[in-house]
Amino acid sequence: MAATMTSQHHASSLCHHRRISGAPGQHVGSLVHVMWIVMMGFTPETWASSETQPHSIKIEGDITLGGLFPVHSRGPAGVPCGEIKKEKGIHRMEAMLYALDQINSDPDLLPNITLGARILDTCSRDTYALEQSLTFVQALIQKDNSDVRCSNGEPPIIPKPERVVGVIGASASSVSIMVANVLRLFAIPQISYASTAPELSDNNRYDFFSRVVPPDSFQAQAMVDIVKAMGWNYVSTLASEGNYGESGVDAFIQISREAGGLCIAQTIKIPREPRPGEFDKIIKRLMETSNARGVIIFANEDDIKRVLEAAKKANLTGHFLFVGSDSWGAKNSPILNLEDVAEGAVTILPKRASIDGFDQYFTTRSLENNRRNIWFAEFWEDDFKCKLTRPGIRGNSGLRKCTGEERISRDSAYEQEGKVQFVIDAVYAMAYALHSMHIDLCPGSMGICDKMDPVDGRMLLSYIRAVNFNGSAGTGVMFNENGDAPGRYDIFQYQLSNTTNSGYKIIGQWTNHLRLNAEDMQWSGGDKLVPDSVCSFPCESGERKRMVKGVPCCWHCELCDGYQYLLDEFNCDTCPFDMRPTPNRTSCRPTPIIKLEWSSPWAIIPVFLAVLGILATSGVIITFIRFNDTPIVRASGRELSYVLLTGIFLIYLITFLMIAEPSTVVCAFRRLFLGLGMSISYSAMLTKTNRIYRIFEQGKKSVTPPKFISPSSQLIITFILISVQLLGVFIWFGVVPPHTTVDFDELRPPNPEYARGILKCDMSDLSLIGCLSYSMVLMVTCTVYAIKSRGVPETFNEAKPIGFTMYTTCIIWLAFVPIFFGTSQSTEKMFIQTTTLTVSMSLSATVSLGMLYIPKVYVIIFHPEQNVQKRKRSFKAVVQAATVSTHLSQKSSDKQNGETKVEPDRSK
């Protein structure tokens with residue numbers, strides 16, 4: 001009703017208000033004008049002419065600035081405004097009044113020009129702020145009053161509404177966004193002192209918006225830098241639903257994705273109206289990725305407090321490591337009675353300072369000297385907890401009456417609100433822009449000239465973006481191309497041991513880059529070591545990363561096993577065949593090269609046997625030479641005996657060649673002598689047994705002796721058999737010249753620490769056996785003849801000792817073969833095979849020596865009386881005796897081989 005009456009009164013003052021129409025090209029203005037009437041119930045002219053305006057402060061001046069402040073909080077349902085906000089509302093608004101006073105009293109800044117203001121209350125609500133901000137654009141709405149006439153026929157006198165050239169505000173980002181959309185339509189520049197939403201940096205949508213506080217994208221960059229400086233790569237994010245929280249987290253995620261090396265485990269949004277148990281569910285969700293102990297939180301104070309309460313309720317005190325945005329800053333209200341849960345929290349706050357001049361100004365404000373602030377009386381009542389007496393209003397008996405003698409900071413707690421500095425800087429930025437504009441457009445003019453009446457908003461914007469001055473705190477004030485101020489932040493950590501500054505300690509700064517004092521940081525229990533917040537811990541040396549699909553910060557560590565080394569962070573590679581990995585598996589190193597040492601137990605036994613054998617063989621040879629003409633030596637066939645003893649000596653000698661360090665010469669001698677000694681021995685024995693066999697086979701047919709039984713013939717046959725071995729060896733020399741090689745495959749166990757390269761001759765297992773194969777053929781053939789000659793009288797040319805020698809030798813070599821090939825997979829293969837081979841050869845030589853010559857030497861040395869010439873008998877008598885002996889052996893097994901001892905007639 002009041003609105004209607006006011007409207008009617010104004011209509012009559014205009015004489016006759018027939019219609020309001022937009023001028024050509026001013027459809028937007030007409031639309032806003034209509035919206036104004038619909039929403040407010042009266043016209044802008046009515047508002048402008050109203051002497052009592054309860055929702056705005058009017059300060060007269062040559063140039064008028066607008067101001068938007070959350071003087072009141074959001075009201076309950078159906079009510080736009082709630083209780084007064086002392087700090088964020090009154091402090092900030094008084095900071096603008098203080099700045100105007102300072103500028104208007106400065107003779108060097110805007111001389112002879114007075115700045116005025118129209119300051120509105122947004123009530124912390126974006127839609128209400130939009131309604132209020134229409135006041136700023138009313139002067140730009142052109143109206144057609146041609147049909148309005150007074151009763152006397154004269155044109156009406158319409159008061160010209162004030163023209164706002166720029167707006168200081170708003171506070172909340174959501175409010176600034178709403179207002180900026182309207183102000184840009186009328187080209188009115190806007191400078192905010194507290195709105196930090198990243199989307200306001202969009203110069204295409206919010207081209208007339210600037211701010212003296214850095215955007216949350218800078219804050220998010222600072223928080224990313226902090227997280228990375230602490231070595232974290234796996235964190236969760238918490239955001240209050242709304243523009244501030246969601247935009248901040250989005251900026252953090254975007255920057256972390258661009259920077260790389262940082263993964264987001266959980267992204268959780270806190271609803272505007274949380275249901276009971278909502279925060280318990282949030283903590284439960286955070287624990288699903290318990291390794292992500294770091295929690296990035298962009299939330300309002302109430303949500304921060306309830307998150308901490310839920311963490312304490314879940315008995316997770318000290319588990320979560322919070323990194324809070326400027327909404328947490330260095331405030332005590334979010335952590336009250338929750339200090340143990342908040343311990344170690346790292347928070348960020350735009351760098352700011354307390355303005356001493358404002359403190360002096362504000363603490364001297366009273367009801368008498370601050371009548372221009374229409375909300376100051378309400379602030380007074382709330383600050384001093386008293387009640388002012390108003391005519392017609394009954395006093396509240398529950399509160400004392402205000403005396404008006406109370407003083408701020410003396411009778412009430414006072415602490416300068418954190419954004420006061422930025423409000424002052426915003427007003428000064430507008431003033432400096434107008435000052436530069438005045439110098440350029442009105443040179444020499446003492447006041448507003450025609451070029452600045454009215455002020456062109458787009459031109460003023462260009463001057464605003466060009467300002468660069470030292471602000472109220474001594475730091476530079478400037479804007480980038482998007483209208484954003486530089487990012488300057490103080491970094492705090494809440495420490496229980498810090499009794500000063502309410503537990504918050506400055507641990508670093510961020511000004512385009514991070515400077516963090518890690519030594520000043522302190523965590524739960526006074527620990528100086530930064531806790532971990534990682535998905536996967538770094539892999540140990542020699543372990544490669546196997547990434548978890550879709551989560552670049554999570555991986556499994558897999559050891560590079562066997563002969564692999566770590567090629568790079570994600571791949572293992574096999575070392576070259578002649579190398580093995582280092583103990584930490586970061587590279588390869590040469591594999592040690594070994595050979596069979598003389599001091600090795602594998603060498604000592606064969607060498608000992610070979611030495612004994614050589615000594616024994618040498619003794620036999622010496623004895624035979626010494627007693628060369630005695631009957632026993634002659635009867636044993638001296639020529640072949642010396643050949644046979646030479647072969648036995650070479651068999652013993654090969655042990656030293658097999659153990660000696662491989663070289664081209666040693667390898668050549670190995671090839672030559674390995675099979676030569678055995679072929680000499682078994683060629684001689686084969687010749688002997690063959691001769692005996694042929695003699696007795698021939699004797700059964702006739703009394704004519706067989707051919708080639710003379711000593712010279714026997715030697716020729718023996719050397720022919722030996723030459724086959726030599727021919728094969730020399731062919732081998734021609735096809736594959738002897739050389740050494742290092743075998744890295746033979747001693748390559750699963751554990752590379754035990755890998756060795758073996759220096760050896762180029763003789764494979766098969767070539768080694770091939771070298772001995774001819775000797776084994778001779779040995780088998782000799783054994784066959786020994787079996788066939790088993791019926792010969794036992795003293796006849798050593799037939800039976802040769803037989804026993806061959807039987808034993810066959811057993812030795814039958815045992816050698818499985819041992820030799822059965823150890824081919826052993827890590828000690830070379831040592832076992834070398835020892836087995838040399839011992840087997842020494843044993844076979846020892847058997848030959850022991851069975852054929854030791855008894856003779858024993859008789860020669862110890863029983864010389866038996867070393868006498870026996871009675872000679874003819875070849876025919878010998879054959880007959882052998883025949884009789886054969887028949888007797890068939891009749892009586894216990895008289896096998898006969899008992900008649902005869903001595904062959906060697907002369908025949």
# chains A, B, ... in the order shown; residues from 1 in each chain; ligands from 1
>>> closest_atom_pairs(of="region 160-259 of chain A", to="region 116-135 of chain A", cutoff="10 Å", atoms="only C-alpha atoms", output="Markdown table")
| residue | atom | partner | partner_atom | distance |
| --- | --- | --- | --- | --- |
| A:Pro161 | CA | A:Thr135 | CA | 9.3 |
| A:Glu162 | CA | A:Arg118 | CA | 9.0 |
| A:Arg163 | CA | A:Thr135 | CA | 9.5 |
| A:Val164 | CA | A:Arg118 | CA | 7.9 |
| A:Val165 | CA | A:Ala117 | CA | 9.9 |
| A:Gly166 | CA | A:Ala117 | CA | 9.7 |
| A:Val167 | CA | A:Arg118 | CA | 9.0 |
| A:Ile168 | CA | A:Ile119 | CA | 8.9 |
| A:Gly169 | CA | A:Ile119 | CA | 9.8 |
| A:Ala170 | CA | A:Thr122 | CA | 8.1 |
| A:Ser171 | CA | A:Ser124 | CA | 8.2 |
| A:Ala172 | CA | A:Ser124 | CA | 7.3 |
| A:Ser173 | CA | A:Asp126 | CA | 9.1 |
| A:Ser174 | CA | A:Asp126 | CA | 6.1 |
| A:Val175 | CA | A:Asp126 | CA | 4.3 |
| A:Ser176 | CA | A:Asp126 | CA | 7.9 |
| A:Ile177 | CA | A:Asp126 | CA | 8.4 |
| A:Met178 | CA | A:Asp126 | CA | 6.3 |
| A:Val179 | CA | A:Leu130 | CA | 5.6 |
| A:Ala180 | CA | A:Leu130 | CA | 9.3 |
| A:Asn181 | CA | A:Leu130 | CA | 9.4 |
| A:Val182 | CA | A:Leu130 | CA | 8.0 |
| A:Leu183 | CA | A:Ser133 | CA | 8.4 |
>>> write_last_selection(atoms="all heavy atoms", output="short mmCIF file (atom, residue, chain, number, x, y, z; two decimals), in the first residue's frame")
data_model
loop_
_atom_site.label_atom_id
_atom_site.label_comp_id
_atom_site.auth_asym_id
_atom_site.auth_seq_id
_atom_site.Cartn_x
_atom_site.Cartn_y
_atom_site.Cartn_z
N PRO A 161 18.17 11.42 -12.24
CA PRO A 161 18.77 10.45 -11.31
C PRO A 161 20.29 10.51 -11.37
O PRO A 161 20.87 10.92 -12.36
CB PRO A 161 18.26 9.11 -11.81
CG PRO A 161 17.98 9.33 -13.26
CD PRO A 161 17.53 10.75 -13.38
N GLU A 162 20.89 10.15 -10.23
CA GLU A 162 22.35 10.16 -10.16
C GLU A 162 22.92 9.13 -11.13
O GLU A 162 22.32 8.10 -11.39
CB GLU A 162 22.81 9.85 -8.75
CG GLU A 162 22.41 8.46 -8.29
CD GLU A 162 22.73 8.24 -6.82
OE1 GLU A 162 23.39 9.07 -6.23
OE2 GLU A 162 22.30 7.20 -6.29
N ARG A 163 24.12 9.45 -11.64
CA ARG A 163 24.77 8.54 -12.59
C ARG A 163 25.96 7.89 -11.89
O ARG A 163 26.90 8.57 -11.46
CB ARG A 163 25.24 9.32 -13.83
CG ARG A 163 25.81 8.42 -14.92
CD ARG A 163 26.29 9.27 -16.09
NE ARG A 163 26.81 8.44 -17.15
CZ ARG A 163 26.09 8.02 -18.19
NH1 ARG A 163 24.80 8.34 -18.28
NH2 ARG A 163 26.63 7.28 -19.13
N VAL A 164 25.94 6.58 -11.78
CA VAL A 164 27.01 5.81 -11.15
C VAL A 164 28.01 5.43 -12.24
O VAL A 164 27.65 4.78 -13.24
CB VAL A 164 26.46 4.54 -10.45
CG1 VAL A 164 27.60 3.67 -9.95
CG2 VAL A 164 25.55 4.94 -9.30
N VAL A 165 29.28 5.86 -12.07
CA VAL A 165 30.28 5.60 -13.11
C VAL A 165 30.99 4.27 -12.91
O VAL A 165 31.57 3.72 -13.85
CB VAL A 165 31.32 6.74 -13.16
CG1 VAL A 165 30.65 8.07 -13.46
CG2 VAL A 165 32.11 6.82 -11.86
N GLY A 166 31.00 3.76 -11.70
CA GLY A 166 31.66 2.49 -11.41
C GLY A 166 31.15 1.93 -10.10
O GLY A 166 30.62 2.66 -9.26
N VAL A 167 31.30 0.63 -9.93
CA VAL A 167 30.76 -0.05 -8.75
C VAL A 167 31.90 -0.76 -8.02
O VAL A 167 32.73 -1.45 -8.64
CB VAL A 167 29.68 -1.07 -9.15
CG1 VAL A 167 29.22 -1.88 -7.94
CG2 VAL A 167 28.49 -0.35 -9.78
N ILE A 168 31.92 -0.60 -6.70
CA ILE A 168 32.86 -1.32 -5.84
C ILE A 168 32.10 -2.50 -5.24
O ILE A 168 31.15 -2.33 -4.49
CB ILE A 168 33.41 -0.41 -4.71
CG1 ILE A 168 34.02 0.86 -5.28
CG2 ILE A 168 34.41 -1.18 -3.86
CD1 ILE A 168 35.18 0.62 -6.22
N GLY A 169 32.51 -3.70 -5.56
CA GLY A 169 31.83 -4.90 -5.05
C GLY A 169 31.60 -5.89 -6.17
O GLY A 169 32.04 -5.67 -7.31
N ALA A 170 30.95 -6.96 -5.93
CA ALA A 170 30.39 -7.29 -4.61
C ALA A 170 31.36 -8.19 -3.84
O ALA A 170 32.52 -8.35 -4.23
CB ALA A 170 29.05 -8.00 -4.78
N SER A 171 30.82 -8.80 -2.77
CA SER A 171 31.65 -9.65 -1.91
C SER A 171 31.65 -11.10 -2.41
O SER A 171 32.67 -11.59 -2.88
CB SER A 171 31.15 -9.57 -0.47
OG SER A 171 31.94 -10.38 0.36
N ALA A 172 30.54 -11.77 -2.34
CA ALA A 172 30.45 -13.16 -2.77
C ALA A 172 30.54 -13.26 -4.29
O ALA A 172 30.03 -12.40 -5.01
CB ALA A 172 29.15 -13.78 -2.27
N SER A 173 31.16 -14.31 -4.77
CA SER A 173 31.33 -14.49 -6.21
C SER A 173 29.99 -14.64 -6.90
O SER A 173 29.78 -14.11 -8.01
CB SER A 173 32.19 -15.73 -6.49
OG SER A 173 33.50 -15.53 -6.01
N SER A 174 29.06 -15.34 -6.28
CA SER A 174 27.74 -15.54 -6.90
C SER A 174 27.03 -14.21 -7.08
O SER A 174 26.33 -13.99 -8.09
CB SER A 174 26.90 -16.49 -6.06
OG SER A 174 26.77 -16.00 -4.73
N VAL A 175 27.20 -13.30 -6.12
CA VAL A 175 26.59 -11.98 -6.22
C VAL A 175 27.27 -11.18 -7.32
O VAL A 175 26.61 -10.53 -8.16
CB VAL A 175 26.67 -11.25 -4.87
CG1 VAL A 175 26.15 -9.81 -5.02
CG2 VAL A 175 25.87 -12.00 -3.81
N SER A 176 28.59 -11.22 -7.36
CA SER A 176 29.32 -10.47 -8.40
C SER A 176 28.95 -10.94 -9.79
O SER A 176 28.84 -10.14 -10.73
CB SER A 176 30.83 -10.61 -8.18
OG SER A 176 31.24 -9.87 -7.05
N ILE A 177 28.78 -12.25 -9.94
CA ILE A 177 28.41 -12.79 -11.25
C ILE A 177 27.05 -12.27 -11.68
O ILE A 177 26.85 -11.84 -12.83
CB ILE A 177 28.42 -14.33 -11.20
CG1 ILE A 177 29.87 -14.84 -11.11
CG2 ILE A 177 27.73 -14.94 -12.41
CD1 ILE A 177 29.97 -16.33 -10.84
N MET A 178 26.10 -12.28 -10.76
CA MET A 178 24.76 -11.81 -11.08
C MET A 178 24.77 -10.33 -11.45
O MET A 178 24.18 -9.91 -12.45
CB MET A 178 23.83 -12.05 -9.88
CG MET A 178 22.37 -11.80 -10.16
SD MET A 178 21.60 -13.08 -11.17
CE MET A 178 21.33 -14.35 -9.94
N VAL A 179 25.46 -9.52 -10.65
CA VAL A 179 25.49 -8.08 -10.88
C VAL A 179 26.28 -7.75 -12.15
O VAL A 179 25.90 -6.87 -12.92
CB VAL A 179 26.09 -7.36 -9.66
CG1 VAL A 179 26.31 -5.88 -9.95
CG2 VAL A 179 25.20 -7.54 -8.44
N ALA A 180 27.39 -8.47 -12.38
CA ALA A 180 28.23 -8.19 -13.55
C ALA A 180 27.47 -8.37 -14.84
O ALA A 180 27.72 -7.66 -15.82
CB ALA A 180 29.45 -9.10 -13.53
N ASN A 181 26.53 -9.30 -14.86
CA ASN A 181 25.74 -9.53 -16.07
C ASN A 181 24.87 -8.32 -16.41
O ASN A 181 24.58 -8.06 -17.59
CB ASN A 181 24.86 -10.77 -15.89
CG ASN A 181 25.63 -12.06 -16.03
OD1 ASN A 181 26.46 -12.19 -16.93
ND2 ASN A 181 25.41 -13.00 -15.13
N VAL A 182 24.44 -7.58 -15.39
CA VAL A 182 23.63 -6.37 -15.64
C VAL A 182 24.52 -5.18 -15.95
O VAL A 182 24.29 -4.44 -16.91
CB VAL A 182 22.73 -6.09 -14.41
CG1 VAL A 182 22.01 -4.74 -14.59
CG2 VAL A 182 21.71 -7.19 -14.24
N LEU A 183 25.58 -4.99 -15.16
CA LEU A 183 26.42 -3.81 -15.33
C LEU A 183 27.09 -3.78 -16.69
O LEU A 183 27.29 -2.70 -17.27
CB LEU A 183 27.48 -3.76 -14.22
CG LEU A 183 26.95 -3.60 -12.80
CD1 LEU A 183 28.11 -3.52 -11.81
CD2 LEU A 183 26.05 -2.36 -12.67
#
>>> residues_around(residues="Asn243 (chain A)", least_positions_apart="2", cutoff="12 Å", atoms="only C-alpha atoms", output="number ranges by chain")
A: 126, 172-178, 195-200, 216, 239-241, 245-251, 269, 272, 298-300
>>> closest_residue(among="A:Asp484, A:Asp453, A:Glu339, A:Asp425", to="Leu100 (chain A)", atoms="only C-alpha atoms")
A:Asp425
>>> select_by_dssp(residues="region 338-437 of chain A", states="strand (DSSP E or B)", output="MDAnalysis selection string")
chainID A and resid 346:350 386:387 400:401
>>> atom_distance(atom1="CA of Arg634 (chain A)", atom2="CA of Leu715 (chain A)")
15.1 Å
>>> residues_around(residues="Ser409 (chain A)", least_positions_apart="2", cutoff="10 Å", atoms="only C-alpha atoms", output="short mmCIF file (atom, residue, chain, number, x, y, z; two decimals) with N, CA, C and O atoms, in the first residue's frame")
data_model
loop_
_atom_site.label_atom_id
_atom_site.label_comp_id
_atom_site.auth_asym_id
_atom_site.auth_seq_id
_atom_site.Cartn_x
_atom_site.Cartn_y
_atom_site.Cartn_z
N ASP A 359 41.88 1.43 11.46
CA ASP A 359 41.62 1.14 12.87
C ASP A 359 41.34 2.43 13.64
O ASP A 359 40.39 2.51 14.45
N PHE A 362 37.88 3.76 12.49
CA PHE A 362 36.69 3.00 12.86
C PHE A 362 36.46 3.01 14.38
O PHE A 362 35.32 3.05 14.84
N THR A 363 37.53 2.96 15.13
CA THR A 363 37.35 2.93 16.60
C THR A 363 36.87 4.27 17.14
O THR A 363 36.43 4.35 18.30
N THR A 364 36.94 5.30 16.32
CA THR A 364 36.43 6.61 16.76
C THR A 364 35.01 6.88 16.26
O THR A 364 34.47 7.97 16.51
N ASP A 383 26.94 -4.83 18.49
CA ASP A 383 28.31 -4.86 18.98
C ASP A 383 28.39 -4.71 20.49
O ASP A 383 29.19 -5.38 21.15
N GLU A 406 29.39 4.30 24.65
CA GLU A 406 30.24 3.12 24.40
C GLU A 406 31.26 3.45 23.32
O GLU A 406 31.01 4.28 22.44
N ARG A 407 32.40 2.76 23.37
CA ARG A 407 33.43 2.96 22.37
C ARG A 407 33.93 1.61 21.84
O ARG A 407 34.15 0.67 22.61
N ASP A 411 34.94 -1.04 24.72
CA ASP A 411 33.82 -1.72 25.37
C ASP A 411 33.36 -2.95 24.58
O ASP A 411 32.36 -3.57 24.95
N SER A 412 34.04 -3.27 23.49
CA SER A 412 33.70 -4.48 22.72
C SER A 412 34.96 -4.97 22.04
O SER A 412 35.91 -4.20 21.82
N ALA A 413 34.94 -6.24 21.69
CA ALA A 413 36.10 -6.82 20.99
C ALA A 413 36.14 -6.30 19.56
O ALA A 413 35.10 -6.19 18.89
N TYR A 414 37.35 -5.96 19.13
CA TYR A 414 37.49 -5.44 17.77
C TYR A 414 38.74 -6.03 17.13
O TYR A 414 39.82 -6.03 17.72
N GLU A 415 38.56 -6.52 15.92
CA GLU A 415 39.70 -6.96 15.10
C GLU A 415 39.35 -6.65 13.65
O GLU A 415 38.28 -7.01 13.17
#
>>> closest_residue(among="A:Val467, A:Pro864, A:Gly231, A:Ser848", to="Pro538 (chain A)", atoms="only C-alpha atoms")
A:Gly231
>>> residues_around(residues="Cys588 (chain A)", least_positions_apart="4", cutoff="9 Å", atoms="only C-alpha atoms", output="PyMOL selection string")
chain A and resi 563-565+574-576+579-582
>>> select_by_dssp(residues="region 95-330 of chain A", states="helix (DSSP H, G or I)", output="ChimeraX atom specification")
/A:95-104,126-140,173-186,198-201,216-229,243-259,278-289,301-313
>>> closest_residue(among="A:Ala786, A:Leu262, A:Ile90, A:Met230", to="Cys554 (chain A)", atoms="only C-alpha atoms")
A:Leu262
>>> atom_distance(atom1="CA of Gly294 (chain A)", atom2="CA of Phe570 (chain A)")
26.3 Å
>>> residues_around(residues="Lys88 (chain A)", least_positions_apart="3", cutoff="10 Å", atoms="only C-alpha atoms", output="MDAnalysis selection string")
chainID A and resid 69:73 84:85 91:93 171 194 416:420
>>> write_last_selection(atoms="C-alpha atoms", output="short mmCIF file (atom, residue, chain, number, x, y, z; two decimals), in the first residue's frame")
data_model
loop_
_atom_site.label_atom_id
_atom_site.label_comp_id
_atom_site.auth_asym_id
_atom_site.auth_seq_id
_atom_site.Cartn_x
_atom_site.Cartn_y
_atom_site.Cartn_z
CA PHE A 69 28.31 -4.93 0.63
CA PRO A 70 26.75 -7.85 2.56
CA VAL A 71 25.65 -5.67 5.45
CA HIS A 72 23.11 -8.31 6.46
CA SER A 73 23.15 -12.06 6.20
CA ILE A 84 23.63 -7.74 10.61
CA LYS A 85 27.17 -8.83 9.67
CA HIS A 91 33.82 -3.19 8.43
CA ARG A 92 34.05 -3.48 4.66
CA MET A 93 31.44 -0.82 4.00
CA SER A 171 31.65 -9.65 -1.91
CA ALA A 194 36.47 -10.31 -2.35
CA GLN A 416 39.98 -5.50 11.62
CA GLU A 417 38.26 -7.67 9.02
CA GLY A 418 40.67 -9.25 6.55
CA LYS A 419 39.27 -7.74 3.34
CA VAL A 420 39.37 -4.09 4.55
#
